Amino acid sequence: MFQLVEAEIRYLAWALGSRGKAADHIFDLLLEDVVAQVEEYQQSGLISQVDDPRTLAAVMLTMRLGGLVLHEQLSRAVGFDTLSPAGLMKLAPHILSIFSGEVFDQRAMEDAASALDDFNQQTKEEEQSQ
């Protein structure tokens with residue numbers, strides 16, 4: 001099946017990198033799909049509840065599209081075609097380990113989250129006092 005869409009995936013990578021209204025439209029369509037998936041997965045318990053599903057979806061989408069748009073650089077860096085079926089399968093464990101949280105030390109992640117919470121609370125208080 002992938003072979004049937006490999007050319008389309010390569011075209012998508014090119015189109016998203018070209019900027020302009022067409023790229024924005026493609027991104028917006030993809031974003032709406034990812035937002036719907038995030039909301040569905042939250043309801044089913046597949047992912048944790050977040051206050052802002054749209055922002056989470058936008059961050060996740062741009063993280064994934066970065067590898068697509070920069071596939072030539074990524075392929076050069078890792079030594080294989082990252083848009084080929086075999087290349088996608090070689091990348092998959094690394095992507096899963098990042099999204100699963102296996103890459104980062106749990107204590108460091110908790111400390112970072114706490115620091116972000118403190119910063120956001122301080123920023124909110126400063127905005128309210130103005």
# chains A, B, ... in the order shown; residues from 1 in each chain; ligands from 1
>>> residues_around(residues="Leu31 (chain A)", least_positions_apart="5", cutoff="8 Å", atoms="only C-alpha atoms", output="ChimeraX atom specification")
/A:57-58,61
>>> residues_around(residues="region 85-91 of chain A", least_positions_apart="4", cutoff="12 Å", atoms="only C-alpha atoms", output="number ranges by chain")
A: 1-7, 9, 64, 67-68, 71, 74-76, 78-81, 95-98
>>> closest_residue(among="A:Lys124, A:Ala22, A:Pro53, A:Thr82", to="Glu40 (chain A)", atoms="only C-alpha atoms")
A:Pro53
>>> select_by_dssp(residues="region 27-79 of chain A", states="alpha helix (DSSP H)", output="PyMOL selection string")
chain A and resi 27-44+53-69+71-78
>>> closest_residue(among="A:Thr55, A:Ser84, A:Thr123, A:Thr62", to="Phe27 (chain A)", atoms="only C-alpha atoms")
A:Thr62
>>> residues_around(residues="Ile26 (chain A)", least_positions_apart="5", cutoff="12 Å", atoms="only C-alpha atoms", output="list in words")
Tyr11, Leu12, Ala13, Trp14, Ala15, Leu16, Gly17, Ser18, Arg19, Gly20, Lys21, Leu31, Glu32, Asp33, Leu61 and Leu65 of chain A
>>> write_last_selection(atoms="all heavy atoms", output="short mmCIF file (atom, residue, chain, number, x, y, z; two decimals), in the first residue's frame")
data_model
loop_
_atom_site.label_atom_id
_atom_site.label_comp_id
_atom_site.auth_asym_id
_atom_site.auth_seq_id
_atom_site.Cartn_x
_atom_site.Cartn_y
_atom_site.Cartn_z
N TYR A 11 5.32 14.38 -2.63
CA TYR A 11 4.71 15.63 -3.10
C TYR A 11 4.25 16.47 -1.91
O TYR A 11 4.44 17.69 -1.88
CB TYR A 11 3.53 15.35 -4.04
CG TYR A 11 2.82 16.62 -4.46
CD1 TYR A 11 3.37 17.42 -5.45
CD2 TYR A 11 1.65 17.02 -3.83
CE1 TYR A 11 2.75 18.60 -5.83
CE2 TYR A 11 1.02 18.20 -4.21
CZ TYR A 11 1.58 18.98 -5.20
OH TYR A 11 0.97 20.15 -5.56
N LEU A 12 3.67 15.84 -0.91
CA LEU A 12 3.23 16.54 0.29
C LEU A 12 4.42 17.23 0.97
O LEU A 12 4.32 18.38 1.38
CB LEU A 12 2.54 15.58 1.25
CG LEU A 12 2.11 16.16 2.60
CD1 LEU A 12 1.08 17.26 2.42
CD2 LEU A 12 1.54 15.04 3.48
N ALA A 13 5.54 16.52 1.05
CA ALA A 13 6.74 17.11 1.64
C ALA A 13 7.16 18.35 0.87
O ALA A 13 7.47 19.39 1.46
CB ALA A 13 7.88 16.09 1.65
N TRP A 14 7.14 18.26 -0.44
CA TRP A 14 7.50 19.41 -1.28
C TRP A 14 6.50 20.55 -1.09
O TRP A 14 6.87 21.71 -0.91
CB TRP A 14 7.56 19.01 -2.75
CG TRP A 14 7.74 20.19 -3.64
CD1 TRP A 14 8.91 20.80 -3.96
CD2 TRP A 14 6.70 20.92 -4.30
NE1 TRP A 14 8.68 21.87 -4.78
CE2 TRP A 14 7.33 21.98 -5.00
CE3 TRP A 14 5.32 20.79 -4.36
CZ2 TRP A 14 6.60 22.89 -5.74
CZ3 TRP A 14 4.60 21.71 -5.10
CH2 TRP A 14 5.24 22.74 -5.78
N ALA A 15 5.21 20.21 -1.13
CA ALA A 15 4.17 21.25 -1.03
C ALA A 15 4.22 21.99 0.30
O ALA A 15 4.10 23.22 0.34
CB ALA A 15 2.80 20.61 -1.24
N LEU A 16 4.42 21.26 1.38
CA LEU A 16 4.48 21.91 2.69
C LEU A 16 5.71 22.80 2.82
O LEU A 16 5.67 23.82 3.50
CB LEU A 16 4.46 20.86 3.81
CG LEU A 16 3.12 20.19 4.03
CD1 LEU A 16 3.28 18.98 4.92
CD2 LEU A 16 2.12 21.17 4.62
N GLY A 17 6.79 22.42 2.17
CA GLY A 17 8.00 23.23 2.22
C GLY A 17 7.97 24.44 1.31
O GLY A 17 8.81 25.33 1.42
N SER A 18 6.99 24.49 0.43
CA SER A 18 6.94 25.58 -0.55
C SER A 18 6.31 26.85 0.00
O SER A 18 6.38 27.89 -0.62
CB SER A 18 6.18 25.13 -1.80
OG SER A 18 4.82 24.94 -1.48
N ARG A 19 5.69 26.78 1.14
CA ARG A 19 5.00 27.91 1.76
C ARG A 19 3.84 28.38 0.91
O ARG A 19 3.52 27.81 -0.11
CB ARG A 19 5.98 29.03 2.07
CG ARG A 19 7.06 28.61 3.05
CD ARG A 19 7.84 29.83 3.53
NE ARG A 19 8.81 29.43 4.53
CZ ARG A 19 10.09 29.31 4.29
NH1 ARG A 19 10.58 29.55 3.10
NH2 ARG A 19 10.90 28.95 5.25
N GLY A 20 3.17 29.41 1.33
CA GLY A 20 2.07 29.96 0.57
C GLY A 20 0.72 29.45 1.03
O GLY A 20 0.61 28.67 1.98
N LYS A 21 -0.31 29.90 0.34
CA LYS A 21 -1.69 29.58 0.73
C LYS A 21 -2.00 28.10 0.61
O LYS A 21 -2.73 27.54 1.42
CB LYS A 21 -2.66 30.40 -0.12
CG LYS A 21 -2.67 31.86 0.23
CD LYS A 21 -3.70 32.62 -0.57
CE LYS A 21 -3.66 34.10 -0.19
NZ LYS A 21 -4.67 34.87 -0.91
N LEU A 31 -4.24 19.68 10.48
CA LEU A 31 -4.41 20.06 11.88
C LEU A 31 -5.81 19.71 12.38
O LEU A 31 -5.96 19.18 13.49
CB LEU A 31 -4.13 21.55 12.08
CG LEU A 31 -4.30 22.07 13.50
CD1 LEU A 31 -3.40 21.32 14.48
CD2 LEU A 31 -4.02 23.57 13.55
N GLU A 32 -6.82 20.00 11.60
CA GLU A 32 -8.19 19.67 12.03
C GLU A 32 -8.34 18.17 12.26
O GLU A 32 -9.00 17.76 13.22
CB GLU A 32 -9.21 20.19 11.03
CG GLU A 32 -9.29 21.70 10.97
CD GLU A 32 -9.44 22.37 12.34
OE1 GLU A 32 -10.26 21.92 13.15
OE2 GLU A 32 -8.71 23.34 12.60
N ASP A 33 -7.72 17.36 11.42
CA ASP A 33 -7.76 15.91 11.62
C ASP A 33 -7.06 15.51 12.92
O ASP A 33 -7.56 14.67 13.68
CB ASP A 33 -7.10 15.17 10.45
CG ASP A 33 -7.99 15.10 9.23
OD1 ASP A 33 -9.20 15.37 9.33
OD2 ASP A 33 -7.45 14.76 8.15
N LEU A 61 1.77 17.80 15.29
CA LEU A 61 1.77 17.81 13.83
C LEU A 61 3.04 18.42 13.28
O LEU A 61 3.67 17.86 12.37
CB LEU A 61 0.53 18.55 13.31
CG LEU A 61 0.40 18.66 11.79
CD1 LEU A 61 0.31 17.28 11.15
CD2 LEU A 61 -0.83 19.50 11.44
N LEU A 65 5.71 16.72 10.88
CA LEU A 65 5.90 17.27 9.54
C LEU A 65 7.32 17.78 9.33
O LEU A 65 7.79 17.83 8.19
CB LEU A 65 4.90 18.40 9.27
CG LEU A 65 3.45 17.96 9.11
CD1 LEU A 65 2.56 19.18 8.91
CD2 LEU A 65 3.28 16.96 7.98
#
>>> atom_distance(atom1="CA of Met60 (chain A)", atom2="CA of Asp105 (chain A)")
20.3 Å
>>> closest_residue(among="A:Leu70, A:Leu83, A:Leu30, A:Met63", to="Arg10 (chain A)", atoms="only C-alpha atoms")
A:Leu83
>>> closest_residue(among="A:Leu56, A:Ala23, A:Ile47, A:Ala113", to="Ser100 (chain A)", atoms="only C-alpha atoms")
A:Ile47
